[in-house]
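J.: Got a structure here, written out as structure tokens. Questions coming.
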Amino acid sequence: MGQSTSTALITSRRDSIHSSHRSKAKFTVPIIPMQVEEQTEFALVEAPDYISELPDECLACIFQSLSSGDRKRCSLVCRRWLRIEGQSRHRLSLNAQSDLLALVPFLFSRFDAVTKLALKCDRRSVSIGDEALDAISMRCRNLTRLKLRACRGLTDAGMAAFAKNCKALKKLSCGSCTFGAKGMNAILDNCASLEELSVKRLRGITDGAAAEPIGPGLAAASLKTICLKELYNGQCFGPLIIGSKNLKTLKLFRCSGDWDKLLQVIADRVTGMVEIHLERLQVSDTGLAALSNCLNLEILHLVKTPECTDIGLVSAAERCKLLRKLHIDGWKANRIGDDGLTAVAKYCPNLQELVLIGVNPTKISLELLASNCQNLERLALCGSDTVGDAEISCIAAKCVALKKLCIKSCPVSDHGMEALAHGCPNLVKVKVKKCRAVTCECADWLRMKRGSLAVNLDSGEPEHQDASASDGGVQENVVEFPSVPNQMPLPSIASSSTGRSTSFKSRLGLLSGKSLVACTFRRWSRGGDSSSRG
């Protein structure tokens, strides 16, 4: 018995030695049977799953704070998350590269709570037609926003069917579509809650006198914003504009035809407008003077309207005394100058933002603007041959409230910039571009003198002056900043939970060099509006 016992012990030791060599001398501790039972029992106890106990509403709130990519990854975790993620998504953006009709039941059974929808067709195929839009409208009757881009397969019949199913629509934006006046009238007749309408290159509208008039419809009572871009016969929207008694914002970009007579009727019937944009439009002092009937006008953009002169600007300034933002791109026509700007300084003391591009003001008008407009916080002078050191010194001495200053392609030198070291006590940012006489040494000296002042200097070759960012793809207008939903391929679905991509693109616009003023004032105006209205 004893021998066998010792043999077993030796064998056990040899096995343990060999096993220790094989396991690289791991340290082992003998375990008492009672302890083994306790450890086994402890291993069987599972940690509580707090995530699964969260209500669907809490998970939905979490998903809405995530980026689009994170939302899609979360939807792959389990069936419950897939369902909740789809039901909590309110904004959907689809870039349909193939026929969308077959996918509509699958997509909108998952995303059944969508209220904001963006649809874009591929250029090489007609992927969205009347049937697809009708099927979408049947499943998304609570749509409040619709954006259509390059939907060449849509006709008047498809838009009429959509309008009957989605009567809660509040915002419609369409570009490069082929439906015409009948389809647009169907929207206006059925969507009584429509507040914003944006139309760009609507190819189905007949050119000439045979064009069917659009509007006013039931939507005229609720419309607050109308934006027309690049229309051959945009004046067929005249009945709609005239009938929109509560209209606040009117934007007209590159629409053919003489607009003077129509603007006279519009200004006579719709007097509550606070924002008007006229860009590359055939309008003269007659039409501009007519806008003086809008006594509540706060924002006025005159971009590349060479027939507008000082006479029209004086007429508008004399009556529109609440003007806060004025943007003028004179296109170097020398039709607007000191006389018009002097009237603005005299009658518009609430002016906060002034952008002058291709306009040649002198010290006379700039001194009056600085003295009378005590709230002037943002000033841009671009492509002005008369803005030199004397004018910048005058601004530095007189503009007490100025916070942002942008100078581009002006004959300014270091001497004029040095005046900013002791003037404009509230100045926080200066941007200087394509002013060859301003040196880097002066910019460094100015930063040293005023440590809190951000100085951005970019001296390069002169380029074409353009006040509009419509061609640049960053924004459709110079200084206005509407949010555009991101367009992504069909498998990729844009999220409504974050605006980081949009703000990042707007920052990138600063580096593009094509529209320095647009990118600069896009941020400045946000801060100015919040401070002035708050």
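Naming works like this for the structure tokens: A, B, ... for the chains as they're shown, residue 1 at the start of each chain, ligands 1 onward in shown order.
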Write out as a PyMOL selection string which residues come within 7 Å of segment 393-406 of chain A when counting only C-alpha atoms, dropping same-chain ones fewer than 3 positions away.

T.: chain A and resi 367+370-371+374-381+389-390+416+419-420+423-432

J.: Expressed in Å to a single decimal, how great is the separation between atom CA of Leu154 of chain A and atom CA of Leu133 of chain A?

T.: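 Separating atom CA of Leu154 of chain A from atom CA of Leu133 of chain A is a distance of 8.1 Å.
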
J.: Show which residues sit within 10 Å of Leu59 of chain A, as a PDB file with N, CA and C atoms, in the first residue's frame. Count only C-alpha atoms, and ignore same-chain residues fewer than 4 positions away.

T.:
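Listed below is the output, out-v7.pdb:
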ATOM      1  N   ILE A  51     -29.466  47.582 -20.493  1.00  0.00           N
ATOM      2  CA  ILE A  51     -29.863  48.141 -21.786  1.00  0.00           C
ATOM      3  C   ILE A  51     -31.201  47.570 -22.234  1.00  0.00           C
ATOM      4  N   SER A  52     -31.370  46.255 -22.056  1.00  0.00           N
ATOM      5  CA  SER A  52     -32.611  45.624 -22.500  1.00  0.00           C
ATOM      6  C   SER A  52     -33.811  46.080 -21.690  1.00  0.00           C
ATOM      7  N   LEU A  54     -34.278  49.218 -20.847  1.00  0.00           N
ATOM      8  CA  LEU A  54     -34.639  50.577 -21.210  1.00  0.00           C
ATOM      9  C   LEU A  54     -35.913  50.587 -22.049  1.00  0.00           C
ATOM     10  N   PRO A  55     -36.807  51.512 -21.813  1.00  0.00           N
ATOM     11  CA  PRO A  55     -38.003  51.626 -22.660  1.00  0.00           C
ATOM     12  C   PRO A  55     -37.632  52.019 -24.086  1.00  0.00           C
ATOM     13  N   PHE A  63     -30.699  57.102 -29.954  1.00  0.00           N
ATOM     14  CA  PHE A  63     -30.399  56.975 -31.380  1.00  0.00           C
ATOM     15  C   PHE A  63     -30.440  58.335 -32.078  1.00  0.00           C
ATOM     16  N   GLN A  64     -31.339  59.205 -31.654  1.00  0.00           N
ATOM     17  CA  GLN A  64     -31.469  60.497 -32.304  1.00  0.00           C
ATOM     18  C   GLN A  64     -30.274  61.409 -32.045  1.00  0.00           C
ATOM     19  N   TRP A  81     -33.484  46.745 -31.709  1.00  0.00           N
ATOM     20  CA  TRP A  81     -32.815  47.992 -32.052  1.00  0.00           C
ATOM     21  C   TRP A  81     -33.095  48.386 -33.505  1.00  0.00           C
ATOM     22  N   ILE A  84     -36.613  49.932 -33.457  1.00  0.00           N
ATOM     23  CA  ILE A  84     -36.680  51.229 -32.790  1.00  0.00           C
ATOM     24  C   ILE A  84     -35.942  52.297 -33.596  1.00  0.00           C
ATOM     25  N   GLU A  85     -34.812  51.928 -34.165  1.00  0.00           N
ATOM     26  CA  GLU A  85     -34.044  52.896 -34.949  1.00  0.00           C
ATOM     27  C   GLU A  85     -34.847  53.366 -36.158  1.00  0.00           C
ATOM     28  N   SER A  88     -37.808  55.650 -35.056  1.00  0.00           N
ATOM     29  CA  SER A  88     -37.421  56.937 -34.476  1.00  0.00           C
ATOM     30  C   SER A  88     -36.741  57.856 -35.484  1.00  0.00           C
TER      31      SER A  88
END

J.: Figure out the distance between atom CA of Leu172 of chain A and atom CA of Leu202 of chain A, please, to one decimal in Å.

T.: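 Distance reported for this atom pair: 12.9 Å.
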
J.: Identify, on the basis of only C-alpha atoms, every residue whose closest approach to Val199 of chain A does not exceed 9 Å; exclude the query and any residue fewer than 3 positions from it along the same chain; express the result as a PyMOL selection string.

T.: chain A and resi 172-176+202+226-231

J.: Please dump the current selection as a compact mmCIF listing (two decimals), in the first residue's frame; keep N, CA, C and O atoms.

T.:
# COMPACT_ATOMS: atom_id res chain seq x y z
N LEU A 172 -41.79 72.66 -49.42
CA LEU A 172 -41.52 71.97 -50.68
C LEU A 172 -40.37 72.64 -51.39
O LEU A 172 -40.37 73.86 -51.58
N SER A 173 -39.38 71.84 -51.77
CA SER A 173 -38.24 72.32 -52.55
C SER A 173 -38.05 71.39 -53.72
O SER A 173 -37.89 70.18 -53.55
N CYS A 174 -38.09 71.92 -54.92
CA CYS A 174 -37.91 71.09 -56.12
C CYS A 174 -36.95 71.76 -57.08
O CYS A 174 -36.99 72.98 -57.28
N GLY A 175 -36.07 70.96 -57.66
CA GLY A 175 -35.09 71.46 -58.60
C GLY A 175 -34.86 70.50 -59.73
O GLY A 175 -34.77 69.28 -59.53
N SER A 176 -34.81 71.02 -60.95
CA SER A 176 -34.54 70.22 -62.15
C SER A 176 -35.57 69.11 -62.33
O SER A 176 -35.22 67.99 -62.70
N LEU A 202 -37.66 74.52 -63.00
CA LEU A 202 -38.84 73.68 -63.20
C LEU A 202 -39.12 73.65 -64.70
O LEU A 202 -39.68 74.59 -65.28
N ILE A 226 -41.05 82.39 -50.35
CA ILE A 226 -41.06 81.95 -51.74
C ILE A 226 -39.70 82.24 -52.34
O ILE A 226 -39.21 83.37 -52.26
N CYS A 227 -39.11 81.22 -52.95
CA CYS A 227 -37.78 81.34 -53.58
C CYS A 227 -37.86 80.77 -54.98
O CYS A 227 -38.18 79.58 -55.16
N LEU A 228 -37.59 81.59 -55.98
CA LEU A 228 -37.63 81.18 -57.39
C LEU A 228 -36.24 81.35 -57.98
O LEU A 228 -35.64 82.44 -57.89
N LYS A 229 -35.73 80.28 -58.63
CA LYS A 229 -34.37 80.31 -59.17
C LYS A 229 -34.34 79.77 -60.59
O LYS A 229 -34.91 78.70 -60.87
N GLU A 230 -33.72 80.52 -61.45
CA GLU A 230 -33.40 80.08 -62.81
C GLU A 230 -34.63 79.53 -63.53
O GLU A 230 -34.65 78.40 -64.02
N LEU A 231 -35.66 80.35 -63.59
CA LEU A 231 -36.89 79.99 -64.28
C LEU A 231 -37.03 80.83 -65.55
O LEU A 231 -36.86 82.06 -65.51

J.: Give me the residues within 7 Å of Glu196 of chain A as a VMD selection string, counting only C-alpha atoms and dropping any in the same chain fewer than 6 places off.

T.: chain A and resid 170 to 172 223 to 226

J.: Store the residues of this selection in a file with all heavy atoms, as a compact mmCIF listing (two decimals), in the first residue's frame.

T.:
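Printed below is selection38.txt as written:
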# COMPACT_ATOMS: atom_id res chain seq x y z
N LYS A 170 -45.51 71.25 -45.26
CA LYS A 170 -45.21 72.62 -44.88
C LYS A 170 -44.08 73.23 -45.70
O LYS A 170 -43.99 74.46 -45.79
CB LYS A 170 -44.84 72.69 -43.40
CG LYS A 170 -46.00 72.38 -42.46
CD LYS A 170 -45.58 72.58 -41.01
CE LYS A 170 -46.75 72.33 -40.07
NZ LYS A 170 -46.36 72.54 -38.65
N LYS A 171 -43.23 72.38 -46.27
CA LYS A 171 -42.09 72.90 -47.02
C LYS A 171 -41.85 72.03 -48.25
O LYS A 171 -41.73 70.82 -48.14
CB LYS A 171 -40.83 72.92 -46.14
CG LYS A 171 -39.60 73.51 -46.83
CD LYS A 171 -38.43 73.58 -45.88
CE LYS A 171 -37.21 74.18 -46.56
NZ LYS A 171 -36.05 74.28 -45.65
N LEU A 172 -41.79 72.66 -49.42
CA LEU A 172 -41.52 71.97 -50.68
C LEU A 172 -40.37 72.64 -51.39
O LEU A 172 -40.37 73.86 -51.58
CB LEU A 172 -42.76 71.96 -51.57
CG LEU A 172 -42.56 71.38 -52.97
CD1 LEU A 172 -42.21 69.90 -52.90
CD2 LEU A 172 -43.80 71.59 -53.84
N LEU A 223 -48.33 80.71 -46.76
CA LEU A 223 -46.97 80.85 -47.29
C LEU A 223 -46.25 82.04 -46.66
O LEU A 223 -46.78 83.15 -46.62
CB LEU A 223 -47.02 81.02 -48.80
CG LEU A 223 -46.90 79.75 -49.64
CD1 LEU A 223 -47.12 80.05 -51.11
CD2 LEU A 223 -45.56 79.08 -49.44
N LYS A 224 -45.02 81.76 -46.21
CA LYS A 224 -44.18 82.81 -45.61
C LYS A 224 -42.90 83.05 -46.40
O LYS A 224 -42.30 84.12 -46.30
CB LYS A 224 -43.83 82.44 -44.17
CG LYS A 224 -45.03 82.43 -43.23
CD LYS A 224 -44.61 82.08 -41.82
CE LYS A 224 -45.79 82.18 -40.85
NZ LYS A 224 -46.90 81.29 -41.20
N THR A 225 -42.47 82.05 -47.18
CA THR A 225 -41.23 82.17 -47.94
C THR A 225 -41.42 81.62 -49.34
O THR A 225 -41.90 80.49 -49.51
CB THR A 225 -40.08 81.41 -47.26
OG1 THR A 225 -39.87 81.96 -45.95
CG2 THR A 225 -38.79 81.54 -48.05
N ILE A 226 -41.05 82.39 -50.35
CA ILE A 226 -41.06 81.95 -51.74
C ILE A 226 -39.70 82.24 -52.34
O ILE A 226 -39.21 83.37 -52.26
CB ILE A 226 -42.17 82.65 -52.56
CG1 ILE A 226 -43.56 82.26 -52.03
CG2 ILE A 226 -42.06 82.28 -54.03
CD1 ILE A 226 -44.70 82.97 -52.75

J.: Assign secondary structure with DSSP using the backbone only, and return the residues of segment 128-318 of chain A in strand (DSSP E) as an NGL selection string.

T.: :A and (145-149 or 171-175 or 196-200 or 225-229 or 249-253 or 275-279 or 299-303)

J.: Dump C-alpha atoms for the selected residues as a PDB file, in the first residue's frame?

T.:
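New file out.pdb:
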ATOM      1  CA  ARG A 145     -41.031  68.525 -45.815  1.00  0.00           C
ATOM      2  CA  LEU A 146     -40.250  67.238 -49.289  1.00  0.00           C
ATOM      3  CA  LYS A 147     -37.186  67.909 -51.395  1.00  0.00           C
ATOM      4  CA  LEU A 148     -37.048  66.714 -55.007  1.00  0.00           C
ATOM      5  CA  ARG A 149     -33.903  66.871 -57.109  1.00  0.00           C
ATOM      6  CA  LYS A 171     -42.090  72.901 -47.022  1.00  0.00           C
ATOM      7  CA  LEU A 172     -41.523  71.965 -50.676  1.00  0.00           C
ATOM      8  CA  SER A 173     -38.244  72.315 -52.547  1.00  0.00           C
ATOM      9  CA  CYS A 174     -37.910  71.085 -56.121  1.00  0.00           C
ATOM     10  CA  GLY A 175     -35.090  71.461 -58.601  1.00  0.00           C
ATOM     11  CA  GLU A 196     -42.009  77.531 -47.674  1.00  0.00           C
ATOM     12  CA  LEU A 197     -41.765  77.011 -51.414  1.00  0.00           C
ATOM     13  CA  SER A 198     -38.487  76.817 -53.329  1.00  0.00           C
ATOM     14  CA  VAL A 199     -38.488  76.175 -57.084  1.00  0.00           C
ATOM     15  CA  LYS A 200     -35.401  75.882 -59.266  1.00  0.00           C
ATOM     16  CA  THR A 225     -41.226  82.168 -47.944  1.00  0.00           C
ATOM     17  CA  ILE A 226     -41.063  81.948 -51.744  1.00  0.00           C
ATOM     18  CA  CYS A 227     -37.783  81.342 -53.577  1.00  0.00           C
ATOM     19  CA  LEU A 228     -37.626  81.177 -57.387  1.00  0.00           C
ATOM     20  CA  LYS A 229     -34.370  80.309 -59.165  1.00  0.00           C
ATOM     21  CA  THR A 249     -39.410  86.448 -47.543  1.00  0.00           C
ATOM     22  CA  LEU A 250     -39.162  86.741 -51.330  1.00  0.00           C
ATOM     23  CA  LYS A 251     -36.072  85.542 -53.214  1.00  0.00           C
ATOM     24  CA  LEU A 252     -35.734  85.878 -56.974  1.00  0.00           C
ATOM     25  CA  PHE A 253     -32.588  84.535 -58.638  1.00  0.00           C
ATOM     26  CA  GLU A 275     -36.589  90.056 -46.513  1.00  0.00           C
ATOM     27  CA  ILE A 276     -36.100  90.505 -50.273  1.00  0.00           C
ATOM     28  CA  HIS A 277     -33.347  89.073 -52.483  1.00  0.00           C
ATOM     29  CA  LEU A 278     -32.939  90.183 -56.095  1.00  0.00           C
ATOM     30  CA  GLU A 279     -30.082  88.518 -57.962  1.00  0.00           C
ATOM     31  CA  ILE A 299     -32.961  92.526 -45.190  1.00  0.00           C
ATOM     32  CA  LEU A 300     -32.292  93.640 -48.779  1.00  0.00           C
ATOM     33  CA  HIS A 301     -29.951  91.958 -51.263  1.00  0.00           C
ATOM     34  CA  LEU A 302     -29.220  93.605 -54.626  1.00  0.00           C
ATOM     35  CA  VAL A 303     -26.847  91.297 -56.483  1.00  0.00           C
TER      36      VAL A 303
END

J.: Using only C-alpha atoms, which protein or nucleic acid residues come within 7 Å of segment 217-221 of chain A? Drop anything in the same chain fewer than 3 positions from it, and give the result as an NGL selection string.

T.: :A and (188-194 or 240 or 243-246)

J.: Just write the chosen residues, C-alpha atoms, as a short mmCIF file (atom, residue, chain, number, x, y, z; two decimals), in the first residue's frame.

T.:
data_model
loop_
_atom_site.label_atom_id
_atom_site.label_comp_id
_atom_site.auth_asym_id
_atom_site.auth_seq_id
_atom_site.Cartn_x
_atom_site.Cartn_y
_atom_site.Cartn_z
CA LEU A 188 -51.04 74.77 -53.66
CA ASP A 189 -54.69 73.69 -53.77
CA ASN A 190 -54.32 70.73 -51.40
CA CYS A 191 -51.54 71.65 -48.97
CA ALA A 192 -53.15 74.44 -46.98
CA SER A 193 -50.32 74.45 -44.40
CA LEU A 194 -47.51 75.11 -46.89
CA LEU A 240 -49.14 83.16 -56.03
CA GLY A 243 -52.05 86.34 -53.20
CA SER A 244 -49.69 85.43 -50.33
CA LYS A 245 -50.74 88.15 -47.93
CA ASN A 246 -48.59 86.79 -45.09
#

J.: Distance atom CA of Thr439 of chain A-atom CA of Thr362 of chain A, one decimal place?

T.: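 So the answer is 23.5 Å.
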
J.: Among segment 52-254 of chain A, which ones does DSSP assign to alpha helix (DSSP H) (computed from the backbone)? Answer as a VMD selection string.

T.: chain A and resid 56 to 64 68 to 74 79 to 87 104 to 110 130 to 139 156 to 165 181 to 190 238 to 243

J.: Could you check the closest approach to Thr271 of chain A for each of A:Ile241, A:Cys58, A:Val344, A:Leu446 and tell me which residue wins, using only C-alpha atoms?

T.: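 For Thr271 of chain A, the nearest of the given residues is A:Ile241.
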
J.: For Ala163 of chain A, find every residue with an atom within 7 Å (counting only C-alpha atoms), except residues of its own chain fewer than 2 positions away, and show them as a ChimeraX atom specification.

T.: /A:159-161,165-167,186-187,190-191
